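Chemist: Just so it is clear, I am handing over target12.pdb, which has PDB, C-alpha atoms.
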MODEL        1
ATOM      1  CA  MET A   1     -23.095 154.291-148.088
ATOM      2  CA  LEU A   2     -22.654 153.493-144.387
ATOM      3  CA  SER A   3     -21.603 149.930-145.235
ATOM      4  CA  VAL A   4     -19.156 151.148-147.867
ATOM      5  CA  PHE A   5     -17.584 153.642-145.460
ATOM      6  CA  LEU A   6     -17.237 151.179-142.559
ATOM      7  CA  LEU A   7     -15.923 148.350-144.727
ATOM      8  CA  THR A   8     -13.348 150.595-146.369
ATOM      9  CA  LEU A   9     -12.180 152.260-143.159
ATOM     10  CA  PHE A  10     -12.008 149.248-140.859
ATOM     11  CA  GLY A  11     -10.925 146.906-143.650
ATOM     12  CA  THR A  12      -7.874 149.014-144.460
ATOM     13  CA  LEU A  13      -7.062 149.467-140.765
ATOM     14  CA  LEU A  14      -7.315 145.723-140.134
ATOM     15  CA  PHE A  15      -4.764 145.126-142.891
ATOM     16  CA  GLY A  16      -2.340 147.545-141.250
ATOM     17  CA  VAL A  17      -2.809 150.568-143.499
ATOM     18  CA  PRO A  18      -1.741 153.766-141.643
ATOM     19  CA  VAL A  19      -4.645 155.788-140.256
ATOM     20  CA  ALA A  20      -4.152 158.798-142.534
ATOM     21  CA  PHE A  21      -4.094 156.682-145.703
ATOM     22  CA  ALA A  22      -7.094 154.679-144.489
ATOM     23  CA  LEU A  23      -9.036 157.921-144.060
ATOM     24  CA  ILE A  24      -8.063 159.144-147.536
ATOM     25  CA  LEU A  25      -9.051 155.828-149.125
ATOM     26  CA  SER A  26     -12.375 155.963-147.285
ATOM     27  CA  THR A  27     -12.950 159.484-148.593
ATOM     28  CA  LEU A  28     -12.181 158.500-152.184
ATOM     29  CA  THR A  29     -14.440 155.441-151.910
ATOM     30  CA  LEU A  30     -17.310 157.543-150.581
ATOM     31  CA  MET A  31     -16.863 160.057-153.396
ATOM     32  CA  PHE A  32     -16.867 157.308-156.022
ATOM     33  CA  PHE A  33     -19.947 155.691-154.466
ATOM     34  CA  HIS A  34     -21.666 159.078-154.248
ATOM     35  CA  GLY A  35     -20.972 159.715-157.924
ATOM     36  CA  ALA A  36     -18.912 162.851-157.269
ATOM     37  CA  PHE A  37     -15.321 161.643-157.586
ATOM     38  CA  ASP A  38     -12.891 164.582-157.589
ATOM     39  CA  SER A  39      -9.428 164.281-156.090
ATOM     40  CA  GLN A  40      -9.083 168.077-155.986
ATOM     41  CA  ILE A  41     -11.814 168.270-153.353
ATOM     42  CA  VAL A  42      -9.838 165.874-151.159
ATOM     43  CA  VAL A  43      -6.693 167.978-151.430
ATOM     44  CA  GLN A  44      -8.565 171.243-150.840
ATOM     45  CA  HIS A  45     -10.165 169.986-147.638
ATOM     46  CA  MET A  46      -6.889 168.493-146.444
ATOM     47  CA  MET A  47      -5.237 171.891-146.849
ATOM     48  CA  ALA A  48      -8.149 173.566-145.089
ATOM     49  CA  GLY A  49      -7.823 171.106-142.216
ATOM     50  CA  ALA A  50      -4.162 171.980-141.730
ATOM     51  CA  GLU A  51      -4.793 175.733-141.801
ATOM     52  CA  ASN A  52      -6.072 175.982-138.249
ATOM     53  CA  TYR A  53      -4.710 178.273-135.545
ATOM     54  CA  THR A  54      -5.354 175.814-132.706
ATOM     55  CA  LEU A  55      -3.451 173.052-134.487
ATOM     56  CA  MET A  56      -0.340 175.240-134.280
ATOM     57  CA  ALA A  57      -0.071 173.999-130.697
ATOM     58  CA  ILE A  58       0.960 170.565-131.973
ATOM     59  CA  PRO A  59       4.394 171.459-133.436
ATOM     60  CA  PHE A  60       5.217 173.619-130.422
ATOM     61  CA  PHE A  61       4.378 170.871-127.894
ATOM     62  CA  MET A  62       6.413 168.447-130.006
ATOM     63  CA  LEU A  63       9.323 170.892-129.983
ATOM     64  CA  ALA A  64       9.030 171.424-126.221
ATOM     65  CA  GLY A  65       9.268 167.677-125.663
ATOM     66  CA  GLU A  66      12.350 167.390-127.868
ATOM     67  CA  ILE A  67      14.072 170.273-126.080
ATOM     68  CA  MET A  68      13.332 168.724-122.697
ATOM     69  CA  ASN A  69      14.735 165.413-123.860
ATOM     70  CA  HIS A  70      17.998 166.961-125.083
ATOM     71  CA  GLY A  71      18.353 169.682-122.473
ATOM     72  CA  GLY A  72      18.664 167.621-119.301
ATOM     73  CA  ILE A  73      15.104 168.157-118.093
ATOM     74  CA  SER A  74      14.039 164.551-118.716
ATOM     75  CA  ILE A  75      16.913 163.034-116.781
ATOM     76  CA  ARG A  76      16.220 165.310-113.810
ATOM     77  CA  ILE A  77      12.595 164.184-113.771
ATOM     78  CA  VAL A  78      13.781 160.566-113.740
ATOM     79  CA  ARG A  79      16.321 161.298-110.992
ATOM     80  CA  PHE A  80      13.651 162.955-108.845
ATOM     81  CA  ALA A  81      11.279 160.008-109.310
ATOM     82  CA  SER A  82      14.086 157.565-108.536
ATOM     83  CA  ASP A  83      15.009 159.330-105.288
ATOM     84  CA  LEU A  84      11.342 159.431-104.317
ATOM     85  CA  VAL A  85      10.259 155.809-104.916
ATOM     86  CA  GLY A  86      13.356 153.975-106.154
ATOM     87  CA  HIS A  87      14.135 152.373-102.769
ATOM     88  CA  VAL A  88      11.188 149.930-102.754
ATOM     89  CA  ARG A  89      11.362 146.486-104.360
ATOM     90  CA  GLY A  90      11.024 146.852-108.098
ATOM     91  CA  GLY A  91      11.435 150.565-107.573
ATOM     92  CA  LEU A  92      12.578 151.322-111.103
ATOM     93  CA  GLY A  93       9.171 150.203-112.347
ATOM     94  CA  TYR A  94       7.460 152.798-110.173
ATOM     95  CA  VAL A  95      10.048 155.333-111.297
ATOM     96  CA  SER A  96       9.143 154.618-114.935
ATOM     97  CA  VAL A  97       5.433 155.196-114.346
ATOM     98  CA  LEU A  98       5.918 158.307-112.222
ATOM     99  CA  ALA A  99       8.435 159.830-114.635
ATOM    100  CA  CYS A 100       6.106 159.193-117.589
ATOM    101  CA  MET A 101       3.231 160.866-115.746
ATOM    102  CA  ILE A 102       5.345 163.942-114.963
ATOM    103  CA  PHE A 103       6.738 164.156-118.491
ATOM    104  CA  ALA A 104       3.213 163.738-119.894
ATOM    105  CA  GLY A 105       2.328 167.050-118.289
ATOM    106  CA  VAL A 106       4.554 168.763-120.836
ATOM    107  CA  SER A 107       5.049 166.618-123.941
ATOM    108  CA  GLY A 108       1.414 165.842-124.816
ATOM    109  CA  THR A 109       2.312 162.725-126.810
ATOM    110  CA  ALA A 110       2.969 159.081-126.034
ATOM    111  CA  VAL A 111       5.923 158.938-128.437
ATOM    112  CA  ALA A 112       7.899 161.749-126.793
ATOM    113  CA  ASP A 113       6.975 160.485-123.331
ATOM    114  CA  THR A 114       8.066 156.908-123.996
ATOM    115  CA  ALA A 115      11.221 157.896-125.887
ATOM    116  CA  ALA A 116      12.411 160.301-123.190
ATOM    117  CA  VAL A 117      11.843 157.983-120.233
ATOM    118  CA  GLY A 118      12.620 154.714-122.017
ATOM    119  CA  SER A 119      15.973 155.849-123.365
ATOM    120  CA  ILE A 120      17.082 156.645-119.819
ATOM    121  CA  LEU A 121      15.482 153.938-117.699
ATOM    122  CA  HIS A 122      15.273 150.845-119.887
ATOM    123  CA  PRO A 123      19.071 150.278-120.090
ATOM    124  CA  VAL A 124      19.327 150.779-116.324
ATOM    125  CA  MET A 125      16.479 148.341-115.610
ATOM    126  CA  LYS A 126      18.032 145.744-117.904
ATOM    127  CA  LYS A 127      21.433 146.177-116.250
ATOM    128  CA  GLU A 128      19.971 145.705-112.761
ATOM    129  CA  GLY A 129      18.258 142.414-113.585
ATOM    130  CA  TYR A 130      14.772 143.456-114.724
ATOM    131  CA  GLU A 131      13.345 141.484-117.660
ATOM    132  CA  SER A 132      13.958 143.515-120.802
ATOM    133  CA  ASP A 133      10.589 142.762-122.409
ATOM    134  CA  ARG A 134       8.633 143.362-119.195
ATOM    135  CA  SER A 135      10.440 146.646-118.571
ATOM    136  CA  ALA A 136       9.839 147.849-122.135
ATOM    137  CA  ALA A 137       6.155 146.898-121.887
ATOM    138  CA  LEU A 138       5.754 148.829-118.632
ATOM    139  CA  ILE A 139       7.434 151.951-120.023
ATOM    140  CA  CYS A 140       5.327 151.803-123.196
ATOM    141  CA  ALA A 141       2.131 151.375-121.155
ATOM    142  CA  ALA A 142       3.111 154.248-118.862
ATOM    143  CA  GLY A 143       3.917 156.366-121.905
ATOM    144  CA  CYS A 144       0.268 156.058-122.922
ATOM    145  CA  THR A 145      -0.572 158.536-120.163
ATOM    146  CA  GLY A 146       1.008 161.156-122.459
ATOM    147  CA  PRO A 147      -2.153 161.652-124.564
ATOM    148  CA  ILE A 148      -4.400 161.542-121.469
ATOM    149  CA  ILE A 149      -2.752 163.852-118.948
ATOM    150  CA  PRO A 150      -2.986 167.445-120.261
ATOM    151  CA  PRO A 151      -1.657 169.039-122.341
ATOM    152  CA  SER A 152      -2.496 166.414-124.927
ATOM    153  CA  VAL A 153      -1.900 166.612-128.672
ATOM    154  CA  PRO A 154      -4.675 164.078-129.470
ATOM    155  CA  MET A 155      -7.085 166.128-127.370
ATOM    156  CA  ILE A 156      -6.174 169.242-129.338
ATOM    157  CA  LEU A 157      -6.681 167.282-132.543
ATOM    158  CA  TYR A 158     -10.044 165.935-131.400
ATOM    159  CA  GLY A 159     -11.164 169.333-130.130
ATOM    160  CA  VAL A 160     -10.441 170.984-133.481
ATOM    161  CA  ILE A 161     -12.008 168.267-135.631
ATOM    162  CA  GLY A 162     -15.019 167.660-133.374
ATOM    163  CA  GLY A 163     -15.588 171.268-132.311
ATOM    164  CA  VAL A 164     -15.185 170.361-128.634
ATOM    165  CA  SER A 165     -13.777 172.631-125.916
ATOM    166  CA  ILE A 166     -10.062 171.869-125.593
ATOM    167  CA  VAL A 167      -9.989 173.303-122.068
ATOM    168  CA  GLY A 168     -12.818 170.936-121.100
ATOM    169  CA  LEU A 169     -10.940 168.011-122.625
ATOM    170  CA  PHE A 170      -7.796 168.960-120.707
ATOM    171  CA  LEU A 171      -9.681 169.145-117.416
ATOM    172  CA  GLY A 172     -11.393 165.855-118.166
ATOM    173  CA  GLY A 173      -8.085 164.090-118.763
ATOM    174  CA  ILE A 174      -6.493 164.786-115.363
ATOM    175  CA  VAL A 175      -8.312 162.155-113.284
ATOM    176  CA  PRO A 176      -8.259 159.360-115.924
ATOM    177  CA  GLY A 177      -4.536 159.949-116.427
ATOM    178  CA  LEU A 178      -3.873 159.664-112.702
ATOM    179  CA  ILE A 179      -6.035 156.532-112.504
ATOM    180  CA  MET A 180      -4.037 154.959-115.336
ATOM    181  CA  GLY A 181      -0.773 155.692-113.539
ATOM    182  CA  VAL A 182      -2.002 154.338-110.210
ATOM    183  CA  ALA A 183      -3.380 151.211-111.897
ATOM    184  CA  LEU A 184       0.002 150.545-113.516
ATOM    185  CA  MET A 185       1.712 150.963-110.150
ATOM    186  CA  VAL A 186      -0.739 148.522-108.535
ATOM    187  CA  TYR A 187      -0.023 145.992-111.285
ATOM    188  CA  TRP A 188       3.716 146.465-110.876
ATOM    189  CA  PHE A 189       3.383 146.033-107.102
ATOM    190  CA  LEU A 190       1.660 142.664-107.586
ATOM    191  CA  HIS A 191       4.230 141.637-110.184
ATOM    192  CA  ALA A 192       7.255 142.755-108.138
ATOM    193  CA  ARG A 193       6.118 140.634-105.167
ATOM    194  CA  LYS A 194       6.780 137.506-107.254
ATOM    195  CA  LYS A 195      10.202 138.616-108.482
ATOM    196  CA  ASP A 196      13.533 139.014-106.782
ATOM    197  CA  TYR A 197      14.162 142.505-108.032
ATOM    198  CA  PRO A 198      17.033 144.452-106.471
ATOM    199  CA  VAL A 199      16.254 147.003-103.780
ATOM    200  CA  ARG A 200      18.095 150.276-104.022
ATOM    201  CA  PRO A 201      19.214 151.986-100.818
ATOM    202  CA  ARG A 202      16.980 154.783 -99.622
ATOM    203  CA  VAL A 203      18.470 158.182-100.365
ATOM    204  CA  SER A 204      18.929 160.647 -97.543
ATOM    205  CA  ALA A 205      16.438 163.416 -96.919
ATOM    206  CA  GLY A 206      19.029 165.933 -98.042
ATOM    207  CA  ALA A 207      19.584 164.134-101.342
ATOM    208  CA  LEU A 208      15.837 163.987-101.943
ATOM    209  CA  VAL A 209      15.539 167.702-101.272
ATOM    210  CA  ARG A 210      18.404 168.444-103.657
ATOM    211  CA  SER A 211      16.916 166.349-106.471
ATOM    212  CA  THR A 212      13.528 167.972-105.885
ATOM    213  CA  ILE A 213      15.032 171.443-106.115
ATOM    214  CA  ASP A 214      17.051 170.410-109.185
ATOM    215  CA  ALA A 215      13.898 169.133-110.896
ATOM    216  CA  SER A 216      11.643 171.932-109.669
ATOM    217  CA  TRP A 217      12.025 173.852-112.933
ATOM    218  CA  ALA A 218      10.609 170.851-114.784
ATOM    219  CA  LEU A 219       7.982 169.990-112.162
ATOM    220  CA  VAL A 220       6.433 173.453-112.224
ATOM    221  CA  LEU A 221       5.973 173.565-116.007
ATOM    222  CA  PRO A 222       2.801 171.388-116.167
ATOM    223  CA  PHE A 223       1.127 173.651-113.621
ATOM    224  CA  VAL A 224       2.163 176.743-115.585
ATOM    225  CA  ILE A 225       0.694 175.318-118.796
ATOM    226  CA  LEU A 226      -2.553 173.960-117.377
ATOM    227  CA  GLY A 227      -3.066 176.867-114.982
ATOM    228  CA  GLY A 228      -2.561 179.421-117.735
ATOM    229  CA  ILE A 229      -5.101 177.673-119.973
ATOM    230  CA  VAL A 230      -7.734 177.114-117.282
ATOM    231  CA  PHE A 231      -7.554 180.676-115.950
ATOM    232  CA  GLY A 232      -7.647 182.175-119.429
ATOM    233  CA  ILE A 233      -4.158 183.666-119.356
ATOM    234  CA  PHE A 234      -3.327 182.096-122.717
ATOM    235  CA  THR A 235      -4.836 179.762-125.285
ATOM    236  CA  PRO A 236      -3.612 176.158-125.825
ATOM    237  CA  THR A 237      -1.556 177.362-128.801
ATOM    238  CA  GLU A 238       0.018 180.160-126.755
ATOM    239  CA  ALA A 239       0.610 177.656-123.934
ATOM    240  CA  ALA A 240       2.595 175.495-126.343
ATOM    241  CA  VAL A 241       4.774 178.471-127.269
ATOM    242  CA  VAL A 242       5.282 179.236-123.568
ATOM    243  CA  ALA A 243       6.323 175.604-123.039
ATOM    244  CA  VAL A 244       8.931 175.856-125.816
ATOM    245  CA  TRP A 245      10.481 179.060-124.503
ATOM    246  CA  TYR A 246      10.368 177.807-120.914
ATOM    247  CA  ALA A 247      12.047 174.510-121.863
ATOM    248  CA  PHE A 248      14.683 176.372-123.893
ATOM    249  CA  PHE A 249      15.372 178.882-121.106
ATOM    250  CA  VAL A 250      15.738 176.188-118.451
ATOM    251  CA  SER A 251      17.816 173.854-120.655
ATOM    252  CA  TYR A 252      20.135 176.553-121.996
ATOM    253  CA  PHE A 253      20.469 179.095-119.180
ATOM    254  CA  ILE A 254      19.693 177.123-115.994
ATOM    255  CA  TYR A 255      20.913 173.567-116.623
ATOM    256  CA  LYS A 256      23.305 174.687-119.403
ATOM    257  CA  GLU A 257      23.105 171.293-121.127
ATOM    258  CA  LEU A 258      21.448 172.408-124.346
ATOM    259  CA  LYS A 259      23.832 173.465-127.118
ATOM    260  CA  LEU A 260      22.774 175.685-129.987
ATOM    261  CA  SER A 261      24.459 173.208-132.317
ATOM    262  CA  GLN A 262      21.793 170.658-131.292
ATOM    263  CA  MET A 263      18.892 172.828-132.404
ATOM    264  CA  PRO A 264      18.873 171.772-136.101
ATOM    265  CA  SER A 265      18.471 168.085-135.186
ATOM    266  CA  ILE A 266      15.911 168.952-132.488
ATOM    267  CA  LEU A 267      13.888 171.006-134.967
ATOM    268  CA  LEU A 268      14.086 168.203-137.547
ATOM    269  CA  ASP A 269      12.798 165.606-135.063
ATOM    270  CA  ALA A 270       9.951 167.921-134.079
ATOM    271  CA  VAL A 271       9.066 168.538-137.730
ATOM    272  CA  VAL A 272       8.941 164.804-138.516
ATOM    273  CA  SER A 273       6.715 164.075-135.509
ATOM    274  CA  THR A 274       4.463 167.026-136.345
ATOM    275  CA  ALA A 275       4.108 165.970-139.979
ATOM    276  CA  VAL A 276       2.697 162.595-138.968
ATOM    277  CA  VAL A 277       0.055 164.129-136.693
ATOM    278  CA  MET A 278      -0.866 166.921-139.108
ATOM    279  CA  PHE A 279      -1.241 164.423-141.943
ATOM    280  CA  VAL A 280      -3.830 162.552-139.868
ATOM    281  CA  ALA A 281      -5.623 165.817-139.019
ATOM    282  CA  SER A 282      -5.748 166.858-142.673
ATOM    283  CA  ALA A 283      -7.030 163.462-143.797
ATOM    284  CA  ALA A 284      -9.666 163.480-141.049
ATOM    285  CA  THR A 285     -10.927 166.879-142.200
ATOM    286  CA  SER A 286     -11.384 165.625-145.750
ATOM    287  CA  THR A 287     -13.137 162.490-144.509
ATOM    288  CA  GLY A 288     -15.346 164.584-142.248
ATOM    289  CA  PHE A 289     -16.545 166.571-145.246
ATOM    290  CA  MET A 290     -17.524 163.468-147.192
ATOM    291  CA  ILE A 291     -19.261 161.678-144.328
ATOM    292  CA  THR A 292     -21.256 164.861-143.715
ATOM    293  CA  VAL A 293     -22.290 165.026-147.372
ATOM    294  CA  GLY A 294     -23.207 161.345-147.289
ATOM    295  CA  ARG A 295     -25.073 161.653-143.965
ATOM    296  CA  VAL A 296     -22.962 158.837-142.525
ATOM    297  CA  PRO A 297     -23.145 160.103-138.899
ATOM    298  CA  GLN A 298     -26.956 160.071-139.011
ATOM    299  CA  ALA A 299     -26.911 156.546-140.401
ATOM    300  CA  ILE A 300     -24.504 155.345-137.698
ATOM    301  CA  ALA A 301     -26.620 156.999-135.003
ATOM    302  CA  GLU A 302     -29.749 155.281-136.316
ATOM    303  CA  VAL A 303     -28.048 151.877-136.316
ATOM    304  CA  ILE A 304     -26.687 152.253-132.777
ATOM    305  CA  THR A 305     -29.903 153.668-131.279
ATOM    306  CA  SER A 306     -31.887 150.872-132.927
ATOM    307  CA  ILE A 307     -29.877 148.444-130.776
ATOM    308  CA  SER A 308     -30.279 150.391-127.535
ATOM    309  CA  SER A 309     -30.886 153.939-126.367
ATOM    310  CA  ASP A 310     -29.123 153.425-123.038
ATOM    311  CA  PRO A 311     -26.080 155.775-122.891
ATOM    312  CA  MET A 312     -23.825 153.114-121.351
ATOM    313  CA  VAL A 313     -24.719 150.556-124.032
ATOM    314  CA  VAL A 314     -24.138 153.154-126.756
ATOM    315  CA  MET A 315     -20.700 154.006-125.323
ATOM    316  CA  PHE A 316     -19.868 150.282-125.123
ATOM    317  CA  ILE A 317     -20.756 149.766-128.805
ATOM    318  CA  ILE A 318     -18.694 152.789-129.857
ATOM    319  CA  ASN A 319     -15.678 151.509-127.918
ATOM    320  CA  ILE A 320     -15.990 148.106-129.574
ATOM    321  CA  PHE A 321     -15.709 149.810-132.972
ATOM    322  CA  LEU A 322     -12.705 151.804-131.769
ATOM    323  CA  LEU A 323     -10.948 148.671-130.504
ATOM    324  CA  LEU A 324     -11.488 146.596-133.648
ATOM    325  CA  PRO A 325      -8.554 148.086-135.601
ATOM    326  CA  ARG A 326      -6.212 147.118-132.768
ATOM    327  CA  TYR A 327      -6.616 143.451-133.672
ATOM    328  CA  GLU A 328      -4.943 143.626-137.066
ATOM    329  CA  GLY A 329      -2.170 141.500-135.581
ATOM    330  CA  TRP A 330      -4.606 138.648-135.060
ATOM    331  CA  LEU A 331      -5.705 138.961-138.694
ATOM    332  CA  HIS A 332      -2.109 138.806-139.881
ATOM    333  CA  LEU A 333      -1.505 135.735-137.723
ATOM    334  CA  THR A 334      -4.643 134.054-139.068
ATOM    335  CA  LEU A 335      -3.641 134.744-142.676
ATOM    336  CA  CYS A 336      -0.158 133.351-142.033
ATOM    337  CA  LEU A 337      -1.575 130.151-140.525
TER     338      LEU A 337
ENDMDL
END
In structure tokens, what does this structure look like?

Modeler:
Amino acid sequence: MLSVFLLTLFGTLLFGVPVAFALILSTLTLMFFHGAFDSQIVVQHMMAGAENYTLMAIPFFMLAGEIMNHGGISIRIVRFASDLVGHVRGGLGYVSVLACMIFAGVSGTAVADTAAVGSILHPVMKKEGYESDRSAALICAAGCTGPIIPPSVPMILYGVIGGVSIVGLFLGGIVPGLIMGVALMVYWFLHARKKDYPVRPRVSAGALVRSTIDASWALVLPFVILGGIVFGIFTPTEAAVVAVWYAFFVSYFIYKELKLSQMPSILLDAVVSTAVVMFVASAATSTGFMITVGRVPQAIAEVITSISSDPMVVMFIINIFLLLPRYEGWLHLTLCL
């Protein structure tokens, strides 16, 4: 049963099947192999997986990110980062990383993070002589801090499915997220030394103070969210609702850039993004039921511990399995050749 599950899951992922569909196919294969094939059970557990109070944080964080992107908050974060570090050689690269890290403290997703910062900075970087592909790669890599720096939608998803403390996951993501950002800046520093990137003039102290004050409403939001969760003022789901109302209040009443006529499209974008994540969560719940019935976790644990009982070796083996699906591009290239 372990072989059937792993071959089905990783085989479908290697061929580029979306994660949610790969999980459903793995569930159906396990049921057929177990001699208890019933599609109704799959649907029932998928519905049960979606009916979770904590998962309600996902659509609200998605909505908060969309409001920030349309309400002028994103561009003020970028402007603040630009005034802070934009005067060094290759400064727009540092601005991209710093802006993504700040925006990650609210959006909770890589998609919203990358879309908000990339739509603003990538055209500017291309216009000022930065390589388009290199700039896009840097922004995409910096956007990956979105799921690491709290609040994080994947952490909420993992906490619900795995029964892990979401507050603990949030606290554990702060330092790794900062390390990722610093590492990207170090890489960009080494890269910028070899390139003749333009150097922007240093802004005056007064201009920096003004941009900081202008962006202060956005800069304080991550601390409000994380502080409220850590100190028990509200739950992650309630924090997401606070983020939505805060982003709406600032965008509509303070910056006055958000129009009520934009809300239908903003809500639609948030719904589409939420549907993708919730589909994965529902499929994972159904798969979790079947692998529990089939004692797949115990079998995997026995295989891994038979290789080594050292915690570092075990973590290394697990990460190898997690990285395997990322090489579907190599499989496609091999098949084409």

Chemist: Counting all atoms listed in the file, which residues of range 181-252 of chain A sit at most 12 Å from some atom of range 38-53 of chain A, and what is each one's closest atom pair with its distance in Å to one decimal, listed by chain and rising residue number, as a Markdown table?

Modeler:
| residue | atom | partner | partner_atom | distance |
| --- | --- | --- | --- | --- |
| A:Thr235 | CA | A:Tyr53 | CA | 10.4 |
| A:Pro236 | CA | A:Tyr53 | CA | 10.0 |
| A:Thr237 | CA | A:Tyr53 | CA | 7.5 |
| A:Glu238 | CA | A:Tyr53 | CA | 10.2 |

Chemist: Would you write out, as a CSV table (one decimal) with C-alpha atoms, keeping the file's coordinate frame, every residue that the PyMOL selection byres ((chain A and resi 267) around 12) captures in this file?

Modeler:
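Result went into selection26.csv, see below:
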chain,number,residue,atom,x,y,z
A,59,PRO,CA,4.4,171.5,-133.4
A,60,PHE,CA,5.2,173.6,-130.4
A,61,PHE,CA,4.4,170.9,-127.9
A,62,MET,CA,6.4,168.4,-130.0
A,63,LEU,CA,9.3,170.9,-130.0
A,64,ALA,CA,9.0,171.4,-126.2
A,65,GLY,CA,9.3,167.7,-125.7
A,66,GLU,CA,12.4,167.4,-127.9
A,67,ILE,CA,14.1,170.3,-126.1
A,70,HIS,CA,18.0,167.0,-125.1
A,244,VAL,CA,8.9,175.9,-125.8
A,260,LEU,CA,22.8,175.7,-130.0
A,261,SER,CA,24.5,173.2,-132.3
A,262,GLN,CA,21.8,170.7,-131.3
A,263,MET,CA,18.9,172.8,-132.4
A,264,PRO,CA,18.9,171.8,-136.1
A,265,SER,CA,18.5,168.1,-135.2
A,266,ILE,CA,15.9,169.0,-132.5
A,268,LEU,CA,14.1,168.2,-137.5
A,269,ASP,CA,12.8,165.6,-135.1
A,270,ALA,CA,10.0,167.9,-134.1
A,271,VAL,CA,9.1,168.5,-137.7
A,272,VAL,CA,8.9,164.8,-138.5
A,273,SER,CA,6.7,164.1,-135.5
A,274,THR,CA,4.5,167.0,-136.3

Chemist: Given the PyMOL selection byres ((chain A and resi 91) around 10) and the file above, list the residues it selects as an MDAnalysis selection string.

Modeler: chainID A and resid 81:90 92:96 125 188:189 192 197:200

Chemist: The PyMOL selection byres ((chain A and resi 25) around 12) on the file shown: which residues, as a PyMOL selection string?

Modeler: chain A and resi 4-13+17-24+26-32+39+42+283-284+286-287+290

Chemist: Go ahead and fit an axis-aligned box to every listed atom of range 26-32 of chain A plus 5 Å each side, and pass me the centre and edge lengths in Å, one decimal, as AutoDock Vina command-line options.

Modeler:
--center_x -14.7 --center_y 157.7 --center_z -151.7 --size_x 15.1 --size_y 14.6 --size_z 18.7

Chemist: Using all atoms listed in the file, find the one residue out of A:Gly105, A:Pro201, A:Gly159, A:Gly172 that sits nearest to Ile77 in chain A.

Modeler: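 Comparing A:Gly105, A:Pro201, A:Gly159, A:Gly172 against Ile77 in chain A, the winner is A:Gly105.
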
Chemist: To one decimal place in Å, what is the distance between CA of Arg79 in chain A and CA of Thr212 in chain A?

Modeler: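 Distance between the two atoms: 8.9 Å.
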
Chemist: Just the residues within 10 Å of range 134-141 of chain A, please, counting only C-alpha atoms, with nothing from its chain fewer than 4 positions along; format it as an NGL selection string.

Modeler: :A and (92-97 or 99-100 or 110-111 or 113-115 or 117-119 or 121-123 or 125-126 or 130 or 145-146 or 180-181 or 184-185 or 187-188)

Chemist: CA of Ala281 in chain A and CA of Leu55 in chain A, how far apart in Å?

Modeler: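 Value for the CA of Leu55 in chain A-CA of Ala281 in chain A distance: 8.8 Å.
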
Chemist: Using all atoms listed in the file, can you tell me which of A:Ala301, A:Leu157, A:Leu169, A:Met68 comes closest to Val250 in chain A?

Modeler: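 Smallest separation from Val250 in chain A among the options: A:Met68.
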
Chemist: For Ala247 in chain A, which of A:Ile166, A:Ile225, A:Val182, A:Ile304 is the closest residue, counting all atoms listed in the file?

Modeler: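 The closest residue to Ala247 in chain A is A:Ile225.
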
Chemist: For CA of Phe249 in chain A and CA of Val124 in chain A, determine how far apart the two atoms are, in Å to one decimal place.

Modeler: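 About the pair CA of Phe249 in chain A and CA of Val124 in chain A: they are 28.8 Å apart.
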